[in-house]
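What follows is the content of input_21.txt (compact mmCIF, C-alpha atoms and all ligand atoms).
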# COMPACT_ATOMS: atom_id res chain seq x y z
CA ALA A 261 -60.84 -45.22 74.59
CA THR A 262 -64.59 -45.75 74.44
CA LEU A 263 -66.17 -45.08 71.06
CA VAL A 264 -69.90 -44.44 70.91
CA VAL A 265 -71.97 -44.74 67.72
CA LEU A 266 -75.13 -42.63 67.93
CA ALA A 267 -78.50 -43.31 66.33
CA GLU A 268 -79.46 -40.52 63.93
CA ARG A 269 -82.31 -38.33 65.09
CA LEU A 270 -83.03 -36.10 62.10
CA PRO A 271 -86.10 -37.00 60.05
CA ASP A 272 -85.27 -38.85 56.81
CA GLU A 273 -81.75 -39.64 57.97
CA ARG A 274 -81.51 -43.41 57.60
CA ARG A 275 -77.74 -43.84 57.57
CA VAL A 276 -75.57 -44.97 60.46
CA ALA A 277 -72.02 -43.71 60.98
CA MET A 278 -70.47 -47.14 61.66
CA VAL A 279 -71.54 -50.54 60.40
CA PRO A 280 -70.74 -53.79 62.27
CA ARG A 281 -67.91 -54.81 59.94
CA GLU A 282 -65.84 -51.71 60.70
CA ILE A 283 -66.56 -52.04 64.41
CA ALA A 284 -65.14 -55.53 64.40
CA ARG A 285 -61.99 -54.08 62.85
CA LEU A 286 -61.71 -51.29 65.43
CA SER A 287 -62.62 -53.28 68.52
CA ALA A 288 -59.07 -54.53 68.99
CA LYS A 289 -58.14 -50.94 69.81
CA VAL A 290 -61.22 -49.35 71.35
CA ARG A 291 -64.29 -50.33 73.31
CA VAL A 292 -67.30 -49.74 71.06
CA MET A 293 -70.81 -48.93 72.26
CA VAL A 294 -73.75 -48.50 69.89
CA GLU A 295 -77.03 -46.75 70.62
CA THR A 296 -80.06 -49.05 70.49
CA GLY A 297 -81.52 -49.18 66.98
CA ALA A 298 -78.71 -47.10 65.44
CA GLY A 299 -78.40 -49.29 62.35
CA ALA A 300 -82.02 -50.39 62.00
CA GLU A 301 -82.92 -48.15 59.05
CA ALA A 302 -79.71 -49.03 57.24
CA GLY A 303 -80.26 -52.76 57.66
CA PHE A 304 -77.97 -53.52 60.63
CA SER A 305 -79.62 -54.94 63.75
CA ASP A 306 -78.53 -54.54 67.36
CA ASP A 307 -77.59 -58.23 67.28
CA ASP A 308 -75.33 -57.62 64.28
CA TYR A 309 -73.52 -55.00 66.36
CA ARG A 310 -73.28 -57.28 69.39
CA ALA A 311 -71.84 -60.01 67.18
CA ALA A 312 -69.21 -57.53 66.03
CA GLY A 313 -68.16 -56.98 69.63
CA ALA A 314 -70.08 -53.83 70.49
CA MET A 315 -72.17 -53.15 73.56
CA VAL A 316 -75.65 -51.86 72.74
CA GLY A 317 -77.43 -49.43 75.05
CA GLY A 318 -79.44 -46.26 75.59
CA ARG A 319 -78.07 -42.83 74.70
CA ASP A 320 -77.66 -41.45 78.24
CA GLN A 321 -75.72 -44.46 79.45
CA LEU A 322 -73.48 -44.38 76.37
CA LEU A 323 -72.74 -40.65 76.42
CA ALA A 324 -71.66 -40.82 80.06
CA ALA A 325 -68.99 -43.36 79.11
CA ALA A 326 -67.86 -41.86 75.79
CA ASP A 327 -64.45 -40.52 74.84
CA ILE A 328 -65.28 -40.40 71.14
CA VAL A 329 -68.78 -40.01 69.70
CA VAL A 330 -69.46 -40.67 66.02
CA ALA A 331 -72.58 -39.72 64.05
CA VAL A 332 -73.47 -38.90 60.45
CA ARG A 333 -75.27 -35.63 61.19
CA ALA A 334 -74.31 -33.80 64.36
CA PRO A 335 -76.81 -34.37 67.16
CA GLU A 336 -78.70 -31.30 68.36
CA GLN A 337 -77.48 -31.69 71.90
CA LEU A 338 -75.05 -33.87 73.76
CA ALA A 339 -76.11 -33.41 77.38
CA GLY A 340 -74.29 -35.93 79.52
CA LEU A 341 -71.17 -36.07 77.38
CA ARG A 342 -68.15 -35.13 79.46
CA ALA A 343 -65.79 -32.24 78.82
CA GLY A 344 -62.76 -33.25 76.78
CA ALA A 345 -64.69 -35.78 74.71
CA THR A 346 -64.61 -35.61 70.90
CA LEU A 347 -67.48 -35.63 68.43
CA VAL A 348 -66.79 -36.81 64.87
CA SER A 349 -69.62 -35.93 62.45
CA LEU A 350 -70.83 -33.67 59.68
CA GLY A 351 -71.94 -30.19 60.75
CA ALA A 352 -68.67 -28.28 60.46
CA HIS A 353 -70.50 -25.20 59.15
CA ASP A 354 -73.18 -25.22 61.88
CA ARG A 355 -72.43 -22.21 64.09
CA GLU A 356 -75.08 -23.01 66.70
CA LEU A 357 -73.60 -26.44 67.16
CA ALA A 358 -70.09 -25.00 67.41
CA ALA A 359 -71.22 -22.67 70.22
CA ILE A 360 -72.85 -25.53 72.15
CA LEU A 361 -69.80 -27.75 71.80
CA LEU A 362 -67.46 -24.97 72.82
CA ALA A 363 -69.54 -24.26 75.95
CA GLN A 364 -69.55 -27.96 76.80
CA GLU A 365 -65.80 -28.19 76.07
CA ILE A 366 -66.28 -30.90 73.46
CA ASN A 367 -63.90 -31.18 70.52
CA HIS A 368 -65.57 -31.41 67.11
CA LEU A 369 -63.91 -33.03 64.14
CA GLY A 370 -66.18 -31.58 61.43
CA LEU A 371 -65.98 -33.95 58.49
CA GLU A 372 -66.66 -31.27 55.85
CA ARG A 373 -63.30 -29.74 56.79
CA LEU A 374 -61.25 -32.79 55.82
CA PRO A 375 -58.34 -31.58 53.68
CA ARG A 376 -58.37 -32.79 50.10
CA ILE A 377 -54.99 -34.38 50.12
CA THR A 378 -54.11 -37.81 48.78
CA ARG A 379 -53.37 -39.11 52.29
CA ALA A 380 -56.90 -38.25 53.43
CA GLN A 381 -58.76 -39.60 50.41
CA SER A 382 -59.81 -42.81 52.16
CA MET A 383 -61.35 -40.71 54.97
CA ASP A 384 -63.39 -38.42 52.74
CA VAL A 385 -67.08 -38.83 53.52
CA LEU A 386 -68.02 -35.93 51.24
CA SER A 387 -66.68 -37.85 48.25
CA SER A 388 -68.19 -41.19 49.22
CA GLN A 389 -71.59 -39.68 49.94
CA ALA A 390 -71.45 -37.57 46.75
CA THR A 391 -70.89 -40.79 44.82
CA VAL A 392 -74.07 -42.25 46.28
CA ALA A 393 -75.95 -38.97 45.77
CA GLY A 394 -74.95 -38.82 42.09
CA TYR A 395 -76.23 -42.34 41.53
CA ALA A 396 -79.40 -41.78 43.57
CA ALA A 397 -80.11 -38.50 41.72
CA VAL A 398 -80.37 -40.31 38.40
CA ILE A 399 -82.53 -43.08 39.85
CA ALA A 400 -84.86 -40.48 41.43
CA GLY A 401 -84.85 -38.43 38.22
CA ALA A 402 -85.60 -41.45 36.04
CA GLN A 403 -88.52 -42.31 38.29
CA ALA A 404 -89.92 -38.78 38.06
CA LEU A 405 -89.69 -38.69 34.25
CA ASP A 406 -92.73 -39.53 32.17
CA THR A 407 -90.41 -40.89 29.50
CA LEU A 408 -87.99 -43.82 29.31
CA MET A 409 -84.23 -43.48 29.59
CA PRO A 410 -82.95 -46.02 27.02
CA MET A 411 -83.47 -46.17 23.32
CA LEU A 412 -85.95 -48.95 22.54
CA THR A 413 -86.88 -50.46 19.24
CA THR A 414 -90.03 -52.50 19.58
CA ALA A 415 -92.89 -53.79 17.44
CA ALA A 416 -94.88 -50.88 18.81
CA GLY A 417 -92.37 -48.38 17.52
CA SER A 418 -89.15 -46.93 18.74
CA ILE A 419 -88.31 -44.70 21.68
CA LYS A 420 -85.51 -42.17 21.56
CA PRO A 421 -82.96 -42.25 24.37
CA ALA A 422 -83.31 -39.57 27.03
CA ARG A 423 -80.83 -36.70 26.96
CA MET A 424 -79.18 -36.02 30.29
CA ILE A 425 -76.73 -33.39 31.50
CA ALA A 426 -74.75 -33.00 34.69
CA LEU A 427 -74.07 -29.35 35.56
CA GLY A 428 -71.09 -29.58 37.86
CA ALA A 429 -68.91 -32.57 37.00
CA GLY A 430 -67.29 -33.25 40.36
CA VAL A 431 -67.67 -36.50 42.25
CA ALA A 432 -71.50 -36.47 42.23
CA GLY A 433 -71.88 -35.19 38.66
CA LEU A 434 -69.51 -37.79 37.23
CA GLN A 435 -71.35 -40.58 39.04
CA ALA A 436 -74.64 -39.19 37.71
CA ILE A 437 -73.24 -39.28 34.17
CA ALA A 438 -72.04 -42.88 34.60
CA THR A 439 -75.42 -43.94 36.02
CA ALA A 440 -77.42 -42.22 33.27
CA ARG A 441 -75.22 -43.90 30.66
CA ARG A 442 -75.89 -47.31 32.24
CA LEU A 443 -79.61 -46.61 31.90
CA GLY A 444 -79.11 -45.80 28.24
CA ALA A 445 -79.35 -42.01 28.26
CA VAL A 446 -77.23 -39.81 26.03
CA ALA A 447 -75.17 -38.04 28.68
CA HIS A 448 -73.55 -34.61 28.74
CA GLY A 449 -71.54 -32.71 31.30
CA PHE A 450 -70.44 -29.20 32.10
CA ASP A 451 -68.17 -27.74 34.73
CA VAL A 452 -66.30 -24.48 35.18
CA ARG A 453 -63.11 -26.35 36.02
CA ALA A 454 -61.31 -27.02 32.77
CA ALA A 455 -59.94 -30.31 34.13
CA ALA A 456 -63.46 -31.74 34.24
CA ARG A 457 -63.69 -32.00 30.45
CA GLU A 458 -61.43 -35.01 30.21
CA GLN A 459 -63.24 -36.77 33.04
CA VAL A 460 -66.63 -36.20 31.41
CA GLU A 461 -65.36 -37.46 28.08
CA SER A 462 -63.67 -40.50 29.61
CA LEU A 463 -67.14 -41.63 30.74
CA GLY A 464 -68.39 -41.50 27.17
CA ALA A 465 -70.35 -38.31 27.70
CA LYS A 466 -70.15 -35.08 25.75
CA PHE A 467 -68.65 -32.00 27.37
CA VAL A 468 -70.82 -28.98 26.63
CA PHE A 469 -69.11 -25.75 25.70
CA PRO A 470 -71.64 -23.00 26.27
CA ASP A 471 -71.83 -20.97 23.09
CA THR A 472 -71.50 -17.37 24.13
CA SER A 473 -71.72 -14.53 21.70
CA GLY A 474 -72.43 -11.85 24.26
CA PRO A 475 -70.00 -9.08 25.20
CA SER A 476 -67.96 -11.04 27.73
CA SER A 477 -67.79 -14.17 25.62
CA GLY A 478 -64.90 -16.22 24.40
CA VAL A 479 -64.38 -16.96 20.74
CA PRO A 480 -67.72 -18.09 19.28
CA GLY A 481 -67.58 -21.30 17.31
CA SER A 482 -63.97 -21.92 18.30
CA GLY A 483 -64.99 -25.07 20.17
CA GLN A 484 -63.02 -23.79 23.14
CA PRO A 485 -64.53 -22.90 26.48
CA PRO A 486 -64.97 -19.12 26.60
CA SER A 487 -62.28 -17.78 28.87
CA GLY A 488 -64.77 -15.74 30.88
CA LEU A 489 -66.57 -18.91 31.92
CA THR A 490 -63.92 -21.30 33.06
CA VAL A 491 -62.32 -20.54 36.38
CA ALA A 492 -59.11 -21.56 37.99
CA GLU A 493 -59.12 -24.60 40.19
CA ALA A 494 -58.81 -23.50 43.81
CA ALA A 495 -57.04 -25.37 46.59
CA GLY A 496 -58.07 -28.99 47.02
CA GLY A 497 -59.59 -29.32 43.55
CA TYR A 498 -62.54 -27.06 44.38
CA ALA A 499 -63.83 -24.48 41.91
CA SER A 500 -63.19 -20.88 42.81
CA ASP A 501 -66.11 -18.47 42.88
CA GLN A 502 -67.38 -16.61 39.82
CA THR A 503 -68.51 -13.01 39.67
CA VAL A 504 -72.21 -12.22 39.40
CA ASP A 505 -71.63 -11.10 35.79
CA GLN A 506 -69.87 -14.33 34.89
CA GLN A 507 -72.75 -16.29 36.37
CA ALA A 508 -75.30 -14.35 34.31
CA VAL A 509 -73.31 -14.89 31.09
CA LEU A 510 -73.02 -18.56 31.92
CA ARG A 511 -76.77 -18.96 32.45
CA ARG A 512 -77.62 -17.47 29.05
CA ALA A 513 -74.92 -19.50 27.38
CA LEU A 514 -76.17 -22.75 28.92
CA THR A 515 -79.85 -22.17 28.08
CA PRO A 516 -79.78 -23.61 24.54
CA ALA A 517 -78.04 -26.79 25.73
CA LEU A 518 -80.52 -27.19 28.58
CA ALA A 519 -83.51 -26.59 26.34
CA ASP A 520 -83.33 -30.06 24.86
CA MET A 521 -82.47 -32.13 27.94
CA GLN A 522 -84.96 -34.40 29.69
CA LEU A 523 -82.92 -34.97 32.83
CA VAL A 524 -80.66 -32.39 34.45
CA VAL A 525 -78.57 -33.18 37.54
CA THR A 526 -77.04 -30.09 39.10
CA SER A 527 -74.31 -30.26 41.74
CA ALA A 528 -72.39 -26.99 41.39
CA GLN A 529 -71.03 -25.89 44.73
CA ILE A 530 -68.41 -23.52 46.05
CA PRO A 531 -67.28 -24.47 49.57
CA GLY A 532 -68.64 -22.12 52.22
CA ARG A 533 -70.73 -20.09 49.72
CA PRO A 534 -74.33 -20.25 48.51
CA ALA A 535 -74.64 -22.47 45.43
CA PRO A 536 -74.37 -20.58 42.10
CA ILE A 537 -77.60 -20.16 40.12
CA LEU A 538 -77.15 -22.01 36.82
CA ILE A 539 -80.83 -22.24 35.86
CA ASP A 540 -83.09 -19.21 36.16
CA ASP A 541 -86.72 -18.62 35.16
CA GLU A 542 -85.72 -17.81 31.58
CA THR A 543 -83.98 -21.16 31.23
CA LEU A 544 -86.89 -22.99 32.88
CA ALA A 545 -89.28 -21.41 30.36
CA ALA A 546 -87.09 -22.64 27.49
CA MET A 547 -86.85 -26.23 28.71
CA THR A 548 -88.70 -29.23 27.29
CA PRO A 549 -92.04 -29.86 29.02
CA GLY A 550 -91.77 -32.91 31.26
CA ALA A 551 -88.07 -32.39 31.97
CA VAL A 552 -86.82 -33.16 35.47
CA ILE A 553 -84.08 -31.34 37.36
CA VAL A 554 -82.49 -33.05 40.35
CA ASP A 555 -80.70 -30.36 42.32
CA LEU A 556 -77.98 -31.78 44.56
CA ALA A 557 -77.03 -28.30 45.75
CA ALA A 558 -80.43 -27.79 47.44
CA GLU A 559 -78.91 -27.73 50.90
CA THR A 560 -76.85 -24.62 50.09
CA GLY A 561 -79.68 -22.82 48.25
CA GLY A 562 -79.80 -24.78 45.02
CA ASN A 563 -78.58 -24.27 41.46
CA THR A 564 -81.95 -23.03 40.19
CA THR A 565 -84.01 -19.98 41.13
CA ARG A 566 -86.91 -22.21 42.17
CA THR A 567 -85.26 -25.05 44.12
CA ARG A 568 -86.66 -25.71 47.58
CA ALA A 569 -84.83 -28.06 49.89
CA ASP A 570 -86.66 -31.35 50.44
CA SER A 571 -89.50 -30.38 48.11
CA VAL A 572 -90.59 -31.05 44.57
CA VAL A 573 -91.33 -27.75 42.82
CA THR A 574 -93.22 -27.67 39.55
CA VAL A 575 -92.63 -24.72 37.21
CA GLY A 576 -94.77 -25.01 34.10
CA ARG A 577 -94.20 -28.66 33.23
CA ILE A 578 -90.68 -28.81 34.65
CA ARG A 579 -90.15 -30.59 37.95
CA ILE A 580 -87.33 -29.66 40.31
CA LEU A 581 -86.38 -32.22 42.96
CA GLY A 582 -84.50 -30.64 45.85
CA SER A 583 -83.87 -33.67 48.03
CA THR A 584 -81.06 -33.28 50.54
CA HIS A 585 -81.44 -36.88 51.64
CA LEU A 586 -80.52 -38.84 48.53
CA PRO A 587 -77.68 -40.83 50.14
CA SER A 588 -80.19 -41.91 52.80
CA LEU A 589 -82.30 -43.62 50.13
CA MET A 590 -79.43 -46.06 49.63
CA ALA A 591 -78.75 -46.16 53.36
CA THR A 592 -77.02 -49.54 53.51
CA ASP A 593 -74.27 -48.85 51.02
CA ALA A 594 -74.06 -45.17 51.94
CA SER A 595 -73.45 -46.27 55.55
CA ARG A 596 -70.88 -48.85 54.50
CA LEU A 597 -68.88 -46.23 52.65
CA PHE A 598 -69.27 -43.61 55.40
CA SER A 599 -68.17 -46.18 57.92
CA ASN A 600 -65.11 -47.15 55.91
CA ASN A 601 -64.11 -43.50 55.75
CA LEU A 602 -64.58 -43.10 59.51
CA ARG A 603 -62.59 -46.21 60.29
CA ALA A 604 -59.70 -44.95 58.19
CA LEU A 605 -59.87 -41.61 60.00
CA LEU A 606 -60.03 -43.21 63.46
CA GLU A 607 -57.12 -45.52 62.67
CA HIS A 608 -55.18 -42.40 61.79
CA LEU A 609 -56.14 -40.65 65.04
CA LEU A 610 -55.78 -43.51 67.54
CA ASP A 611 -52.39 -44.37 68.99
CA GLU A 612 -51.19 -47.92 69.60
CA ASP A 613 -52.94 -48.10 72.94
CA GLY A 614 -56.22 -47.02 71.42
CA ARG A 615 -56.10 -43.48 72.81
CA LEU A 616 -57.28 -40.56 70.70
CA ARG A 617 -54.39 -38.26 69.80
CA LEU A 618 -55.45 -34.78 68.76
CA SER A 619 -52.51 -32.68 67.65
CA ARG A 620 -52.33 -29.44 65.70
CA ASP A 621 -49.11 -30.77 64.18
CA ASP A 622 -51.13 -33.25 62.18
CA ALA A 623 -52.56 -31.56 59.08
CA ILE A 624 -55.67 -33.74 59.02
CA THR A 625 -56.54 -33.21 62.70
CA ASP A 626 -55.75 -29.52 62.46
CA ALA A 627 -58.12 -29.02 59.51
CA LEU A 628 -60.92 -31.13 60.99
CA LEU A 629 -60.86 -29.21 64.28
CA GLY A 630 -61.23 -25.81 62.66
CA ALA A 631 -60.45 -22.85 64.88
CA PRO A 632 -61.34 -23.77 68.50
CA PRO A 633 -58.59 -24.89 70.87
CA ILE A 634 -58.23 -28.57 71.69
CA VAL A 635 -59.76 -29.52 75.05
CA LYS A 636 -58.40 -32.43 77.05
CA ALA A 637 -60.39 -34.67 79.34
CA ALA A 638 -60.04 -33.71 83.03
P1 LIG A 701 -68.01 -29.84 44.83
O1 LIG A 701 -69.04 -30.73 45.43
O2 LIG A 701 -67.44 -28.77 45.67
O3 LIG A 701 -68.63 -29.15 43.53
C1 LIG A 701 -69.19 -29.91 42.50
C2 LIG A 701 -68.71 -29.42 41.16
O4 LIG A 701 -69.35 -28.19 40.83
C3 LIG A 701 -67.21 -29.17 41.07
O5 LIG A 701 -66.67 -29.97 40.03
C4 LIG A 701 -67.13 -27.67 40.73
O6 LIG A 701 -66.05 -27.37 39.87
C5 LIG A 701 -68.44 -27.45 40.05
N1 LIG A 701 -68.88 -26.05 39.96
C6 LIG A 701 -68.75 -25.02 40.85
N2 LIG A 701 -69.32 -23.90 40.37
C7 LIG A 701 -69.83 -24.20 39.15
C8 LIG A 701 -70.55 -23.47 38.15
N3 LIG A 701 -70.84 -22.18 38.31
N4 LIG A 701 -70.90 -24.10 37.02
C9 LIG A 701 -70.62 -25.42 36.83
N5 LIG A 701 -69.95 -26.15 37.73
C10 LIG A 701 -69.55 -25.56 38.87
O7 LIG A 701 -66.80 -30.65 44.21
P2 LIG A 701 -66.38 -32.18 44.37
O8 LIG A 701 -67.26 -33.01 43.54
O9 LIG A 701 -66.33 -32.56 45.80
O10 LIG A 701 -64.90 -32.23 43.80
C11 LIG A 701 -64.34 -31.36 42.86
C12 LIG A 701 -62.94 -31.87 42.48
O11 LIG A 701 -62.14 -32.17 43.60
C13 LIG A 701 -62.97 -33.12 41.65
O12 LIG A 701 -62.05 -32.98 40.62
C14 LIG A 701 -62.52 -34.20 42.59
O13 LIG A 701 -61.90 -35.27 41.94
C15 LIG A 701 -61.57 -33.46 43.47
N6 LIG A 701 -61.46 -34.12 44.79
C16 LIG A 701 -60.21 -34.41 45.30
C17 LIG A 701 -60.09 -35.06 46.54
C18 LIG A 701 -58.74 -35.41 47.09
O14 LIG A 701 -57.76 -35.17 46.48
N7 LIG A 701 -58.68 -35.97 48.28
C19 LIG A 701 -61.22 -35.38 47.27
C20 LIG A 701 -62.48 -35.06 46.73
C21 LIG A 701 -62.57 -34.43 45.49
So that I can check it, write out the structure of this file as structure tokens.
Ligand code: NAD
Amino acid sequence: ATLVVLAERLPDERRVAMVPREIARLSAKVRVMVETGAGAEAGFSDDDYRAAGAMVGGRDQLLAAADIVVAVRAPEQLAGLRAGATLVSLGAHDRELAAILLAQEINHLGLERLPRITRAQSMDVLSSQATVAGYAAVIAGAQALDTLMPMLTTAAGSIKPARMIALGAGVAGLQAIATARRLGAVAHGFDVRAAAREQVESLGAKFVFPDTSGPSSGVPGSGQPPSGLTVAEAAGGYASDQTVDQQAVLRRALTPALADMQLVVTSAQIPGRPAPILIDDETLAAMTPGAVIVDLAAETGGNTTRTRADSVVTVGRIRILGSTHLPSLMATDASRLFSNNLRALLEHLLDEDGRLRLSRDDAITDALLGAPPIVKAA
């Protein structure tokens, strides 16, 4: 098969789906072609790709030859790509894209749909990119703060360590906690999945139990998470959705804990749903002036009432960073990890002769394809 690596077109997207190292590993099985300049922003030159055994060329020429096309973000159009070809990229929830691909008879393996099973862990770009995003969130947050992160004792006096909390302690939140700890902050974490407590604590951070004394609360002062706030873990380790009432109770219960944090990293998401609001105007008004919120859920609406995707919003003296491009800031390593995931996926999908095998009998392929029927090349 011929595998084509596209250059990213979206503004601020600096990653590349495949780095030269992984191409060298795949080139025994497939012919690899890379679009001119694809790795430039991530630090990989066209010559690096050639040295790894890839042919480098313009998009039109490459698409005409492609059986498999890989990209980080789905391209807006794929004119010239033949029917029966397969696109592997993010964009599984993009309906417009799905309609275009269906009309062009192109298969789409949407990476957000990867099943969360042990066998697929090495292929999981959402986890690898969330790891980078969690790290980058703390770096961006630390830069936006007017205060220092670590405790310092100097001849000019001493500085108290910053207090940080991760709301949502999944892959990104846990990495944010670890990063904040390395910078010397006093870290905290909260998640609606009960299992997250142990993971937060194992990083040396404090798990916050929101103290509810409202009508739908748990047992105040019991030190246990109020039963109305924690939710069952849904399939694949995801949190299940909360009711609107539960969300409102949670916001009030979290306000006192948030009031004395300098850095807040939010990453609460429910797959396929708008992000839950964890911080509303009342909480923002109670927060310490100068505090910074980095909202990793900005792409799905954000975890605060004021988040705007790819903007910095200032409410009073609180700043809310809604960047959806944090992994792109660390484009080299983000690309390396993405690429590793893709290579593992492609090795799973390619047969011994290097042909792509798409079968509904394979749980990973089946999930990645979503609903549309598989189309075969003419
Ligand atoms: P995610 O990005 O979907 O969500 C981030 C976090 O937000 C989750 O921990 C979720 O519980 C939390 N959250 C949702 N609503 C919330 C609310 N109202 N308040 C506070 N927190 C809320 O999740 P993720 O980081 O991708 O992963 C979640 C879990 O799945 C983790 O335990 C992770 O280890 C596991 N996981 C397993 C696999 C696998 O088995 N292959 C792969 C990836 C992740």
Counting all atoms listed in the file, give me one row per residue of chain A with an atom at most 8 Å from an atom of ligand LIG 701 (chain A), showing the shortest contact pair and its distance in Å to one decimal, sorted by chain then residue number, as a tab-separated table.
residue	atom	partner	partner_atom	distance
A:Pro375	CA	A:LIG701	N7	7.0
A:Arg376	CA	A:LIG701	N7	3.7
A:Ile377	CA	A:LIG701	N7	4.4
A:Thr378	CA	A:LIG701	N7	5.0
A:Arg379	CA	A:LIG701	N7	7.4
A:Ala380	CA	A:LIG701	N7	5.9
A:Gln381	CA	A:LIG701	N7	4.2
A:Ser382	CA	A:LIG701	N7	7.9
A:Asp384	CA	A:LIG701	C19	6.6
A:Leu386	CA	A:LIG701	O9	6.6
A:Ser387	CA	A:LIG701	C20	5.3
A:Ala390	CA	A:LIG701	O8	7.0
A:Leu427	CA	A:LIG701	C9	5.4
A:Gly428	CA	A:LIG701	N5	3.6
A:Ala429	CA	A:LIG701	O5	4.6
A:Gly430	CA	A:LIG701	O8	3.2
A:Val431	CA	A:LIG701	O8	3.7
A:Ala432	CA	A:LIG701	O8	5.6
A:Gly433	CA	A:LIG701	C2	7.0
A:Phe450	CA	A:LIG701	C9	6.1
A:Asp451	CA	A:LIG701	N5	3.8
A:Val452	CA	A:LIG701	C9	4.7
A:Arg453	CA	A:LIG701	O6	5.0
A:Ala455	CA	A:LIG701	O12	7.3
A:Ala456	CA	A:LIG701	O12	6.7
A:Glu493	CA	A:LIG701	O6	7.5
A:Gly496	CA	A:LIG701	C16	6.1
A:Gly497	CA	A:LIG701	O11	3.8
A:Tyr498	CA	A:LIG701	C11	4.9
A:Ala499	CA	A:LIG701	O6	4.2
A:Ser500	CA	A:LIG701	C6	7.2
A:Asp501	CA	A:LIG701	N2	6.8
A:Gln502	CA	A:LIG701	N3	6.7
A:Gln507	CA	A:LIG701	N3	6.5
A:Leu510	CA	A:LIG701	N3	7.7
A:Ser527	CA	A:LIG701	C1	5.2
A:Ala528	CA	A:LIG701	O4	3.3
A:Gln529	CA	A:LIG701	O3	4.2
A:Ile530	CA	A:LIG701	O2	5.4
A:Pro531	CA	A:LIG701	O2	5.8
A:Ala535	CA	A:LIG701	N2	7.5
A:Pro536	CA	A:LIG701	N3	5.4
A:Ile537	CA	A:LIG701	N3	7.3
A:Leu538	CA	A:LIG701	N3	6.5
Requested in this report: Using all atoms listed in the file, pick whichever of A:Ala267, A:Leu362, A:Ala436, A:Ala324 has the shortest atom-to-atom distance to Ala396 of chain A.
Outcome: A:Ala436
Report task. Go ahead and compute the interatomic distance for atom CA of Ile437 of chain A and atom CA of Lys466 of chain A, in Å to one decimal. Result -> 9.9 Å
Report task. Fewer than 3 positions away in the same chain doesn't count, so skip those; otherwise give me all residues within 10 Å of Ala569 of chain A, counting all atoms listed in the file, as a PyMOL selection string. Result -> chain A and resi 555-562+566+572-573+581-585
Requested in this report: Please indicate the distance in Å from atom CA of Lys636 of chain A to atom CA of Glu612 of chain A, rounded to one decimal place.
Outcome: 18.6 Å
**Report entry** Contacts of Arg319 of chain A within 12 Å, all atoms listed in the file, excl. fewer than 5 positions in-chain, as a PyMOL selection string
**Finding:** chain A and resi 264-269+293-298+324-326+329+335+337-341
Query - Nearby residues, (-69.2, -40.1, 30.2) file frame, 8 Å, only C-alpha atoms, as a list of chain:residue names - result: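 Collected hits near the coordinates: A:Leu434, A:Ile437, A:Ala438, A:Arg441, A:Ala447, A:His448, A:Gly449, A:Gln459, A:Val460, A:Glu461, A:Ser462, A:Leu463, A:Gly464, A:Ala465, A:Lys466.
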Saved selection, atoms kept: C-alpha atoms, as an mmCIF file, keeping the file's coordinate frame:
data_model
loop_
_atom_site.group_PDB
_atom_site.id
_atom_site.type_symbol
_atom_site.label_atom_id
_atom_site.label_comp_id
_atom_site.auth_asym_id
_atom_site.auth_seq_id
_atom_site.Cartn_x
_atom_site.Cartn_y
_atom_site.Cartn_z
ATOM 1 C CA LEU A 434 -69.510 -37.790 37.230
ATOM 2 C CA ILE A 437 -73.240 -39.280 34.170
ATOM 3 C CA ALA A 438 -72.040 -42.880 34.600
ATOM 4 C CA ARG A 441 -75.220 -43.900 30.660
ATOM 5 C CA ALA A 447 -75.170 -38.040 28.680
ATOM 6 C CA HIS A 448 -73.550 -34.610 28.740
ATOM 7 C CA GLY A 449 -71.540 -32.710 31.300
ATOM 8 C CA GLN A 459 -63.240 -36.770 33.040
ATOM 9 C CA VAL A 460 -66.630 -36.200 31.410
ATOM 10 C CA GLU A 461 -65.360 -37.460 28.080
ATOM 11 C CA SER A 462 -63.670 -40.500 29.610
ATOM 12 C CA LEU A 463 -67.140 -41.630 30.740
ATOM 13 C CA GLY A 464 -68.390 -41.500 27.170
ATOM 14 C CA ALA A 465 -70.350 -38.310 27.700
ATOM 15 C CA LYS A 466 -70.150 -35.080 25.750
#
